[in-house]
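Shown below: start_35.cif, with mmCIF, C-alpha atoms.
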data_run
loop_
_atom_site.label_atom_id
_atom_site.label_comp_id
_atom_site.auth_asym_id
_atom_site.auth_seq_id
_atom_site.Cartn_x
_atom_site.Cartn_y
_atom_site.Cartn_z
CA MET A 1 -115.77 130.56 -50.23
CA LYS A 2 -114.25 132.06 -53.37
CA PHE A 3 -114.25 128.58 -54.91
CA PHE A 4 -118.05 128.66 -55.32
CA PHE A 5 -117.75 131.84 -57.39
CA LYS A 6 -114.80 130.69 -59.50
CA SER A 7 -116.87 130.21 -62.67
CA PRO A 8 -120.53 130.17 -63.81
CA PHE A 9 -120.20 126.37 -64.00
CA ILE A 10 -119.50 125.94 -60.28
CA PHE A 11 -121.92 128.75 -59.43
CA HIS A 12 -124.82 127.06 -61.28
CA ILE A 13 -124.21 123.72 -59.59
CA THR A 14 -123.93 125.42 -56.18
CA ILE A 15 -127.18 127.38 -56.61
CA THR A 16 -129.03 124.30 -57.86
CA ILE A 17 -127.94 122.33 -54.80
CA LEU A 18 -128.73 125.26 -52.50
CA LEU A 19 -132.26 125.75 -53.84
CA TYR A 20 -133.39 122.15 -54.24
CA VAL A 21 -131.43 119.77 -52.00
CA PRO A 22 -132.37 121.35 -48.61
CA GLY A 23 -136.06 120.87 -49.44
CA PHE A 24 -135.39 117.21 -50.17
CA LEU A 25 -133.60 116.84 -46.83
CA ILE A 26 -136.28 118.82 -44.95
CA THR A 27 -138.98 116.59 -46.39
CA ASN A 28 -137.10 113.51 -45.24
CA ALA A 29 -135.95 114.70 -41.82
CA TYR A 30 -138.62 117.17 -40.69
CA PHE A 31 -141.68 115.58 -42.23
CA GLU A 32 -140.19 112.09 -42.02
CA PHE A 33 -141.02 110.77 -45.44
CA ILE A 34 -139.97 110.87 -49.06
CA ASN A 35 -142.49 110.43 -51.86
CA GLU A 36 -142.21 109.48 -55.53
CA TYR A 37 -142.13 113.11 -56.69
CA ALA A 38 -139.19 113.94 -54.45
CA ILE A 39 -137.25 110.94 -55.77
CA GLU A 40 -138.14 111.85 -59.36
CA LEU A 41 -137.00 115.45 -58.88
CA PHE A 42 -133.73 114.38 -57.25
CA SER A 43 -133.06 111.95 -60.11
CA ILE A 44 -133.64 114.39 -62.96
CA LEU A 45 -131.61 117.08 -61.16
CA LEU A 46 -128.71 114.63 -61.02
CA VAL A 47 -129.04 113.81 -64.73
CA SER A 48 -129.20 117.52 -65.57
CA LEU A 49 -126.07 118.40 -63.60
CA VAL A 50 -124.11 115.50 -65.11
CA PHE A 51 -124.86 116.55 -68.70
CA PHE A 52 -124.46 120.24 -67.90
CA SER A 53 -120.97 119.35 -66.65
CA LEU A 54 -120.24 117.35 -69.80
CA GLY A 55 -121.31 120.31 -71.95
CA TRP A 56 -119.05 122.66 -70.01
CA LEU A 57 -116.07 120.29 -70.22
CA THR A 58 -116.57 119.62 -73.95
CA TYR A 59 -115.42 123.12 -74.88
CA ALA A 60 -111.94 122.67 -73.46
CA LYS A 61 -110.23 125.58 -75.19
CA LYS A 62 -108.29 127.79 -72.81
CA ARG A 63 -108.94 131.50 -72.58
CA VAL A 64 -107.08 133.61 -75.11
CA ASN A 65 -107.57 137.33 -74.47
CA LEU A 66 -107.68 138.52 -78.07
CA ASN A 67 -110.80 140.59 -77.51
CA THR A 68 -111.12 143.49 -75.09
CA ILE A 69 -114.05 145.24 -73.49
CA TYR A 70 -113.69 147.97 -76.10
CA ASP A 71 -114.80 145.50 -78.79
CA TYR A 72 -118.12 145.24 -76.97
CA ILE A 73 -118.72 148.96 -76.36
CA PRO A 74 -120.73 149.55 -79.60
CA TYR A 75 -123.03 146.62 -78.76
CA ILE A 76 -123.46 147.79 -75.16
CA ASN A 77 -124.29 151.31 -76.33
CA PHE A 78 -126.83 149.90 -78.78
CA THR A 79 -128.58 147.80 -76.15
CA LEU A 80 -128.53 150.72 -73.70
CA VAL A 81 -130.34 152.95 -76.19
CA ILE A 82 -132.83 150.18 -76.90
CA TYR A 83 -133.34 149.69 -73.15
CA ILE A 84 -134.08 153.37 -72.52
CA ILE A 85 -136.54 153.61 -75.43
CA SER A 86 -138.37 150.39 -74.51
CA LEU A 87 -138.43 151.39 -70.82
CA LEU A 88 -140.07 154.73 -71.64
CA TYR A 89 -142.64 153.01 -73.87
CA THR A 90 -143.37 150.26 -71.33
CA PHE A 91 -144.06 152.67 -68.49
CA TYR A 92 -145.95 155.06 -70.74
CA GLU A 93 -148.37 152.23 -71.52
CA THR A 94 -148.40 150.82 -67.96
CA PRO A 95 -147.77 153.14 -64.97
CA PRO A 96 -144.80 152.02 -62.81
CA ALA A 97 -145.85 150.06 -59.72
CA LEU A 98 -143.43 152.28 -57.78
CA LEU A 99 -145.98 155.10 -58.06
CA PHE A 100 -148.45 153.18 -55.90
CA ILE A 101 -146.35 152.73 -52.76
CA GLY A 102 -148.70 152.23 -49.83
CA ASN A 103 -151.32 150.38 -51.86
CA PRO A 104 -150.32 146.69 -52.01
CA ASP A 105 -153.20 145.72 -54.29
CA LEU A 106 -152.36 148.31 -56.95
CA ILE A 107 -148.64 147.52 -56.67
CA ALA A 108 -149.36 143.83 -57.25
CA TYR A 109 -151.65 144.63 -60.18
CA TYR A 110 -149.26 146.96 -62.01
CA ARG A 111 -146.27 144.75 -61.25
CA GLU A 112 -148.00 141.87 -63.00
CA ALA A 113 -149.32 144.15 -65.76
CA THR A 114 -145.78 145.29 -66.55
CA THR A 115 -144.50 141.77 -67.14
CA LYS A 116 -147.50 139.71 -68.23
CA GLY A 117 -150.64 139.88 -70.29
CA LYS A 118 -149.10 141.88 -73.16
CA ILE A 119 -150.13 141.13 -76.73
CA GLY A 120 -149.00 142.17 -80.20
CA LEU A 121 -146.51 145.04 -80.45
CA ASP A 122 -146.67 145.67 -76.68
CA SER A 123 -145.55 142.09 -76.07
CA ILE A 124 -142.58 142.48 -78.43
CA ILE A 125 -141.49 145.80 -76.92
CA ASN A 126 -141.89 144.37 -73.42
CA GLY A 127 -139.65 141.46 -74.38
CA VAL A 128 -137.05 143.84 -75.81
CA TYR A 129 -137.21 145.91 -72.61
CA PHE A 130 -136.40 142.93 -70.41
CA ALA A 131 -133.79 141.41 -72.74
CA SER A 132 -131.92 144.69 -73.17
CA SER A 133 -131.90 145.34 -69.41
CA TYR A 134 -130.16 142.01 -68.82
CA ILE A 135 -127.35 143.04 -71.16
CA ALA A 136 -126.94 146.82 -70.96
CA LEU A 137 -127.23 147.52 -67.24
CA PRO A 138 -124.88 144.90 -65.73
CA MET A 139 -122.27 145.48 -68.44
CA LEU A 140 -122.48 149.25 -68.01
CA VAL A 141 -122.06 148.96 -64.24
CA LEU A 142 -119.18 146.47 -64.58
CA ILE A 143 -117.30 148.76 -66.96
CA ALA A 144 -117.87 151.76 -64.67
CA TYR A 145 -116.36 149.98 -61.68
CA TYR A 146 -113.64 148.26 -63.70
CA LYS A 147 -112.50 151.63 -65.05
CA ASN A 148 -113.12 153.26 -61.65
CA HIS A 149 -115.20 155.94 -63.37
CA TYR A 150 -115.98 158.93 -61.17
CA LEU A 151 -119.73 158.47 -61.86
CA LYS A 152 -119.73 154.74 -61.08
CA HIS A 153 -121.88 155.02 -57.93
CA LEU A 154 -124.42 157.23 -59.71
CA ILE A 155 -124.56 154.77 -62.63
CA LEU A 156 -125.22 151.96 -60.15
CA LEU A 157 -127.93 153.96 -58.37
CA LEU A 158 -129.76 154.98 -61.57
CA SER A 159 -129.55 151.46 -62.99
CA THR A 160 -131.00 150.02 -59.77
CA LEU A 161 -133.83 152.56 -59.66
CA SER A 162 -134.76 151.86 -63.28
CA LEU A 163 -135.12 148.18 -62.42
CA LEU A 164 -137.21 148.88 -59.32
CA LEU A 165 -139.85 150.87 -61.22
CA SER A 166 -141.88 147.68 -61.56
CA MET A 167 -141.27 146.75 -57.89
CA GLU A 168 -139.92 143.37 -58.97
CA LYS A 169 -137.42 142.88 -56.16
CA ALA A 170 -135.44 140.12 -57.85
CA ARG A 171 -134.79 142.31 -60.90
CA ALA A 172 -131.87 143.97 -59.12
CA PHE A 173 -130.12 140.60 -59.16
CA ILE A 174 -129.00 141.24 -62.73
CA ILE A 175 -126.80 144.12 -61.58
CA TYR A 176 -125.64 142.96 -58.17
CA ILE A 177 -124.68 139.37 -58.95
CA PRO A 178 -122.04 140.33 -61.59
CA LEU A 179 -120.89 143.25 -59.45
CA ALA A 180 -120.52 140.98 -56.43
CA ILE A 181 -118.45 138.55 -58.51
CA PHE A 182 -116.26 141.43 -59.64
CA PHE A 183 -115.62 142.49 -56.04
CA ILE A 184 -114.95 138.92 -54.93
CA LYS A 185 -112.13 138.77 -57.44
CA VAL A 186 -110.62 142.15 -56.55
CA ASN A 187 -111.71 143.00 -53.02
CA PHE A 188 -113.63 140.63 -50.76
CA ARG A 189 -114.66 143.34 -48.29
CA LYS A 190 -116.44 145.26 -51.02
CA PHE A 191 -118.31 142.06 -51.90
CA THR A 192 -119.75 142.02 -48.38
CA LEU A 193 -120.94 145.62 -48.88
CA VAL A 194 -122.61 144.72 -52.18
CA VAL A 195 -124.46 141.83 -50.52
CA ILE A 196 -125.66 144.12 -47.72
CA ILE A 197 -126.86 146.74 -50.22
CA PHE A 198 -128.69 144.16 -52.29
CA TYR A 199 -130.39 142.53 -49.32
CA SER A 200 -131.39 145.97 -48.04
CA ILE A 201 -133.09 146.62 -51.39
CA ILE A 202 -135.04 143.40 -51.00
CA LEU A 203 -136.14 144.27 -47.46
CA ILE A 204 -137.09 147.85 -48.32
CA THR A 205 -139.07 146.97 -51.42
CA SER A 206 -140.75 144.09 -49.57
CA ASN A 207 -141.99 146.56 -47.00
CA PHE A 208 -143.15 148.98 -49.72
CA VAL A 209 -145.09 146.20 -51.37
CA GLY A 210 -146.79 145.81 -48.02
CA ILE A 211 -147.14 142.05 -47.90
CA ASN A 212 -148.84 140.91 -44.74
CA LYS A 213 -146.96 137.81 -43.66
CA GLU A 214 -150.04 136.20 -42.04
CA GLU A 215 -152.05 136.69 -45.23
CA LEU A 216 -149.18 135.28 -47.23
CA SER A 217 -149.02 132.23 -44.98
CA ASP A 218 -152.78 131.74 -45.44
CA ARG A 219 -152.38 132.09 -49.20
CA TYR A 220 -149.87 129.26 -49.25
CA SER A 221 -151.68 126.95 -46.87
CA SER A 222 -155.42 127.48 -47.43
CA ASN A 223 -157.53 125.88 -50.18
CA ILE A 224 -154.64 123.69 -51.34
CA GLN A 225 -154.05 121.22 -48.54
CA GLU A 226 -155.51 118.47 -50.70
CA ARG A 227 -153.13 119.48 -53.51
CA ALA A 228 -149.95 120.01 -51.50
CA VAL A 229 -147.68 117.27 -52.76
CA THR A 230 -146.01 116.59 -49.45
CA GLY A 231 -149.16 117.09 -47.42
CA VAL A 232 -147.61 120.13 -45.67
CA ASP A 233 -147.94 123.88 -45.93
CA LYS A 234 -146.04 125.92 -48.48
CA MET A 235 -144.67 127.90 -45.53
CA LEU A 236 -142.25 126.36 -43.02
CA PHE A 237 -143.13 128.99 -40.41
CA GLU A 238 -146.43 130.34 -39.13
CA SER A 239 -146.63 134.15 -39.47
CA PRO A 240 -142.98 134.33 -40.48
CA ASN A 241 -140.76 137.30 -39.71
CA THR A 242 -138.44 138.69 -42.39
CA VAL A 243 -135.63 136.21 -41.71
CA GLU A 244 -137.98 133.21 -41.60
CA PHE A 245 -139.70 134.43 -44.74
CA SER A 246 -136.30 134.59 -46.50
CA ILE A 247 -135.37 131.10 -45.32
CA ASN A 248 -138.67 129.76 -46.58
CA ARG A 249 -138.28 131.56 -49.91
CA ILE A 250 -134.74 130.29 -50.52
CA PHE A 251 -134.70 126.78 -49.08
CA TRP A 252 -138.30 125.59 -49.42
CA ILE A 253 -140.38 127.36 -52.08
CA PRO A 254 -138.13 126.45 -55.09
CA TYR A 255 -138.19 122.80 -54.06
CA ILE A 256 -141.91 122.55 -53.31
CA THR A 257 -142.74 124.46 -56.52
CA ALA A 258 -140.70 121.96 -58.55
CA ILE A 259 -142.57 119.16 -56.81
CA ASP A 260 -145.87 120.79 -57.77
CA TRP A 261 -144.69 120.90 -61.40
CA LEU A 262 -144.23 117.15 -61.31
CA LYS A 263 -147.63 116.67 -59.74
CA TYR A 264 -149.21 118.86 -62.43
CA ARG A 265 -147.52 116.69 -65.07
CA ASP A 266 -149.02 113.63 -63.42
CA TYR A 267 -152.51 114.94 -62.68
CA ALA A 268 -153.27 117.45 -65.45
CA LEU A 269 -151.12 116.21 -68.33
CA GLU A 270 -151.23 112.52 -67.41
CA ASN A 271 -147.49 112.40 -68.23
CA THR A 272 -148.13 113.39 -71.86
CA LEU A 273 -145.16 115.14 -73.51
CA LEU A 274 -145.85 118.66 -74.77
CA LEU A 275 -143.33 118.37 -77.65
CA GLY A 276 -142.28 122.02 -77.82
CA GLN A 277 -145.71 123.47 -77.13
CA THR A 278 -144.36 125.69 -74.30
CA THR A 279 -141.69 127.33 -76.46
CA PRO A 280 -142.31 130.65 -78.29
CA ILE A 281 -142.03 130.45 -82.11
CA LEU A 282 -141.36 126.69 -81.96
CA TYR A 283 -144.97 125.87 -81.09
CA ASN A 284 -146.08 127.64 -84.31
CA ILE A 285 -143.48 125.86 -86.42
CA LEU A 286 -144.62 122.52 -85.01
CA GLY A 287 -148.24 123.27 -85.92
CA PHE A 288 -149.75 124.01 -82.51
CA ASP A 289 -152.50 126.64 -82.48
CA GLU A 290 -151.66 128.04 -79.07
CA ARG A 291 -148.66 128.17 -76.79
CA TYR A 292 -148.91 126.16 -73.57
CA ARG A 293 -148.04 128.68 -70.83
CA ILE A 294 -146.87 126.09 -68.38
CA GLU A 295 -145.63 128.39 -65.58
CA ASN A 296 -149.01 130.11 -65.37
CA LEU A 297 -150.94 126.83 -65.50
CA VAL A 298 -148.89 125.28 -62.71
CA PHE A 299 -149.41 128.45 -60.65
CA LYS A 300 -153.20 128.23 -61.01
CA PHE A 301 -153.04 124.51 -60.24
CA GLN A 302 -151.05 125.20 -57.06
CA PHE A 303 -153.37 127.80 -55.59
CA ASP A 304 -156.64 127.00 -57.34
CA TYR A 305 -156.66 130.48 -58.86
CA PRO A 306 -159.10 131.56 -61.61
CA ASP A 307 -158.21 131.27 -65.30
CA ASP A 308 -157.43 134.98 -65.70
CA SER A 309 -154.69 134.94 -63.02
CA LEU A 310 -151.33 136.24 -64.27
CA GLY A 311 -149.02 134.62 -61.72
CA SER A 312 -146.22 132.20 -62.58
CA ALA A 313 -144.73 129.19 -60.83
CA ASN A 314 -141.13 129.47 -62.04
CA SER A 315 -138.78 126.53 -61.67
CA HIS A 316 -135.53 124.97 -62.90
CA TYR A 317 -135.10 124.89 -66.70
CA LEU A 318 -134.86 121.09 -66.66
CA LEU A 319 -138.58 120.84 -65.81
CA ASP A 320 -139.60 122.65 -68.98
CA ALA A 321 -137.27 120.32 -70.90
CA TYR A 322 -138.74 117.32 -69.10
CA PHE A 323 -142.34 118.37 -69.80
CA ASN A 324 -141.65 118.83 -73.50
CA TRP A 325 -139.24 116.04 -74.42
CA GLY A 326 -138.86 113.79 -71.40
CA LEU A 327 -135.47 112.56 -70.23
CA LEU A 328 -133.97 113.19 -73.69
CA GLY A 329 -134.92 116.86 -73.35
CA ILE A 330 -133.05 117.13 -70.04
CA VAL A 331 -129.94 115.56 -71.59
CA ILE A 332 -129.94 117.85 -74.66
CA TYR A 333 -130.92 121.08 -72.88
CA SER A 334 -128.40 120.57 -70.08
CA TYR A 335 -125.53 119.67 -72.41
CA LEU A 336 -126.17 122.63 -74.73
CA PHE A 337 -126.53 125.06 -71.85
CA GLY A 338 -123.20 123.95 -70.39
CA LEU A 339 -121.51 124.11 -73.80
CA ILE A 340 -122.82 127.59 -74.66
CA LEU A 341 -122.03 128.96 -71.21
CA LYS A 342 -118.42 127.71 -71.49
CA PHE A 343 -118.05 129.17 -75.00
CA LEU A 344 -119.18 132.58 -73.75
CA TRP A 345 -117.09 132.38 -70.57
CA ILE A 346 -113.92 131.70 -72.58
CA ASN A 347 -114.49 134.29 -75.29
CA ILE A 348 -115.99 137.29 -73.47
CA PRO A 349 -113.25 139.31 -71.73
CA SER A 350 -113.31 139.92 -67.99
CA PRO A 351 -115.10 141.55 -66.27
CA LEU A 352 -117.88 141.57 -68.87
CA ASN A 353 -118.14 137.78 -68.72
CA TYR A 354 -119.28 138.07 -65.10
CA ILE A 355 -122.71 138.76 -66.57
CA LEU A 356 -122.89 135.01 -67.24
CA TYR A 357 -123.39 134.39 -63.52
CA ASN A 358 -126.85 135.92 -64.00
CA TYR A 359 -127.75 133.15 -66.44
CA ALA A 360 -126.12 130.46 -64.31
CA TYR A 361 -128.44 131.58 -61.50
CA ALA A 362 -131.53 132.28 -63.62
CA ALA A 363 -131.41 128.80 -65.15
CA THR A 364 -132.23 127.39 -61.72
CA ILE A 365 -135.58 129.22 -61.67
CA ALA A 366 -136.49 129.75 -65.34
CA ASN A 367 -136.68 127.86 -68.64
CA LEU A 368 -134.00 128.18 -71.30
CA HIS A 369 -136.13 129.87 -73.94
CA SER A 370 -136.81 132.65 -71.41
CA LEU A 371 -133.06 133.05 -70.90
CA PHE A 372 -132.26 133.10 -74.61
CA LEU A 373 -135.14 135.30 -75.76
CA GLY A 374 -136.45 137.14 -72.71
CA ALA A 375 -133.13 137.63 -70.92
CA GLY A 376 -130.95 138.35 -73.95
CA LEU A 377 -128.64 135.33 -73.88
CA LEU A 378 -129.18 134.79 -77.61
CA PHE A 379 -128.06 138.36 -78.34
CA ILE A 380 -124.98 137.89 -76.15
CA LEU A 381 -124.14 134.70 -78.09
CA ILE A 382 -124.53 136.48 -81.45
CA MET A 383 -122.55 139.49 -80.19
CA THR A 384 -119.72 137.23 -79.00
CA ILE A 385 -119.56 135.33 -82.29
CA LEU A 386 -119.45 138.61 -84.25
CA VAL A 387 -116.66 139.99 -82.06
CA LYS A 388 -114.71 136.72 -82.06
CA TYR A 389 -114.76 136.08 -85.80
CA ARG A 390 -114.58 139.67 -86.95
CA ARG A 391 -110.83 139.63 -86.36
#
Just give me the structure of the file as structure tokens.
Amino acid sequence: MKFFFKSPFIFHITITILLYVPGFLITNAYFEFINEYAIELFSILLVSLVFFSLGWLTYAKKRVNLNTIYDYIPYINFTLVIYIISLLYTFYETPPALLFIGNPDLIAYYREATTKGKIGLDSIINGVYFASSYIALPMLVLIAYYKNHYLKHLILLLSTLSLLLSMEKARAFIIYIPLAIFFIKVNFRKFTLVVIIFYSIILITSNFVGINKEELSDRYSSNIQERAVTGVDKMLFESPNTVEFSINRIFWIPYITAIDWLKYRDYALENTLLLGQTTPILYNILGFDERYRIENLVFKFQFDYPDDSLGSANSHYLLDAYFNWGLLGIVIYSYLFGLILKFLWINIPSPLNYILYNYAYAATIANLHSLFLGAGLLFILIMTILVKYRR
């Protein structure tokens, strides 16, 4: 089992297979057919993984531990201060969804309001808030446990609570994935405990959100039967319990969402390339008047939601590359992602480099510009270059 966690390279390939291949097999075995979208998705996933692997293998330099975690302390302190300031501003402007426990509608509204629909200065500060959290919190927790600091459990608890203010359950991933990797490498039994804690957080916050599973099943299956790519519901189980809901969320939703992306490309875009129109900053440079918010548009296409809906249909980064630049985009994006990930893995000292597992995972459900800008990967790259070449 430890093999799958050996490096972000193997971890990314494993998660990609885990999230997207079972859906392909379920479609073939359970629903007894494969359609053109399933074949297209399987093909571009294969191309992506091949060039991601080539990018990783290109940077063949072996690890030389010239830098230590102490070289990164000033940068971590800086991002922690930025995180605290931006967090206070964000939740001053928008009340935390955590305050509305017991009211699912208000929780859903403020959860979306925290992450979407921001403009101007609020949008910038919100972006800084999320980017800094991806860097400061996991690195802070890793250092605390690596140094066996007497406040390590309190640091973990406060970091987790700060992420759960918005009631975004998956946000805690950014702390617990690197911490789990750390425990795998030093103590496998503690890894099991971390997994249990993390899954408990998911279950507890799911109950606080108050999702009614029957309503959720209706949401996925009603009004969209004519649009469902495979002709089947978005839920594998009727009125799913917690375990069935988790199975559906892990092994089916990522796959069927990716399929819906491809159908949107066919139906709404008529296979027209967007040529960078989905990418912040780049769309302005290229002369487009407005950014094409593809995740939101696919979401509204999936569920026939009104134009002011804030939801997102997140999917593997290769789909954003494919929509913008076609097969060439997949080749370039995948190669560069593998190359950059390997550069960071080699040059960031352990255990701080375990933070890269977050990006190896996030790339399977988000586009690359979100990782570089919204999740702080660009800052980590700059920080690593400064530390590496300062000597």
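Near Tyr264 in chain A, within 10 Å and counting only C-alpha atoms, sit Arg227, Val229, Ala258, Ile259, Leu269, Glu270, Asn271, Ile294, Leu297, Val298, Phe299, Phe301 and Gln302 of chain A, not including residues fewer than 5 positions from it in the same chain.
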Would you mind exporting the chosen residues as a PDB file, keeping the file's coordinate frame, restricted to C-alpha atoms?
ATOM      1  CA  ARG A 227    -153.130 119.480 -53.510  1.00  0.00           C
ATOM      2  CA  VAL A 229    -147.680 117.270 -52.760  1.00  0.00           C
ATOM      3  CA  ALA A 258    -140.700 121.960 -58.550  1.00  0.00           C
ATOM      4  CA  ILE A 259    -142.570 119.160 -56.810  1.00  0.00           C
ATOM      5  CA  LEU A 269    -151.120 116.210 -68.330  1.00  0.00           C
ATOM      6  CA  GLU A 270    -151.230 112.520 -67.410  1.00  0.00           C
ATOM      7  CA  ASN A 271    -147.490 112.400 -68.230  1.00  0.00           C
ATOM      8  CA  ILE A 294    -146.870 126.090 -68.380  1.00  0.00           C
ATOM      9  CA  LEU A 297    -150.940 126.830 -65.500  1.00  0.00           C
ATOM     10  CA  VAL A 298    -148.890 125.280 -62.710  1.00  0.00           C
ATOM     11  CA  PHE A 299    -149.410 128.450 -60.650  1.00  0.00           C
ATOM     12  CA  PHE A 301    -153.040 124.510 -60.240  1.00  0.00           C
ATOM     13  CA  GLN A 302    -151.050 125.200 -57.060  1.00  0.00           C
TER      14      GLN A 302
END
Answer key for the PyMOL selection byres ((chain A and resi 173-190) around 6), residues as a ChimeraX atom specification = /A:138,170-172,191-193,354-355,358
Using the chain letters and residue numbers of this document, give as a PyMOL selection string the residues selected by the PyMOL selection byres ((chain A and resi 330-343) around 10).
-> chain A and resi 7-9+12+44-45+47-61+63+317-329+344-348+353+356-357+359-360+363+367-368+377+381+384-385
Contact check, range 134-186 of chain A to range 77-98 of chain A, at most 9 Å, counting only C-alpha atoms, closest pairs as CSV:
residue,atom,partner,partner_atom,distance
A:Ile135,CA,A:Thr79,CA,7.0
A:Ala136,CA,A:Leu80,CA,5.0
A:Leu137,CA,A:Leu80,CA,7.3
A:Leu140,CA,A:Leu80,CA,8.4
A:Ser162,CA,A:Leu87,CA,8.4
A:Leu164,CA,A:Leu98,CA,7.3
A:Leu165,CA,A:Leu98,CA,5.2
A:Ser166,CA,A:Ala97,CA,5.0
A:Met167,CA,A:Leu98,CA,5.9
A:Glu168,CA,A:Ala97,CA,9.0
Could you pull out every residue with an atom within 9 Å of (-126.7, 129.2, -56.8), file coordinates, counting only C-alpha atoms, and send them as an MDAnalysis selection string?
-> chainID A and resid 4 10:19 360:362 364
Expressed in Å to a single decimal, how great is the separation between CA of Gln277 in chain A and CA of Tyr134 in chain A?
-> 25.6 Å
Between CA of Glu290 in chain A and CA of Pro254 in chain A, distance in Å (one decimal) =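 Separation between CA of Glu290 in chain A and CA of Pro254 in chain A: 27.6 Å.
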For CA of Leu286 in chain A and CA of Ala268 in chain A, quote the distance in Å rounded to one decimal.
-> 22.0 Å
Would you write out, as a VMD selection string, every residue that the PyMOL selection byres ((chain A and resi 288) around 12) captures in this file?
-> chain A and resid 274 to 287 289 to 292
Using all atoms listed in the file, which residue out of A:Leu157, A:Phe130, A:Gly120, A:Tyr37 lies closest to Arg265 in chain A?
->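 That would be A:Tyr37, the residue with the smallest distance to Arg265 in chain A.
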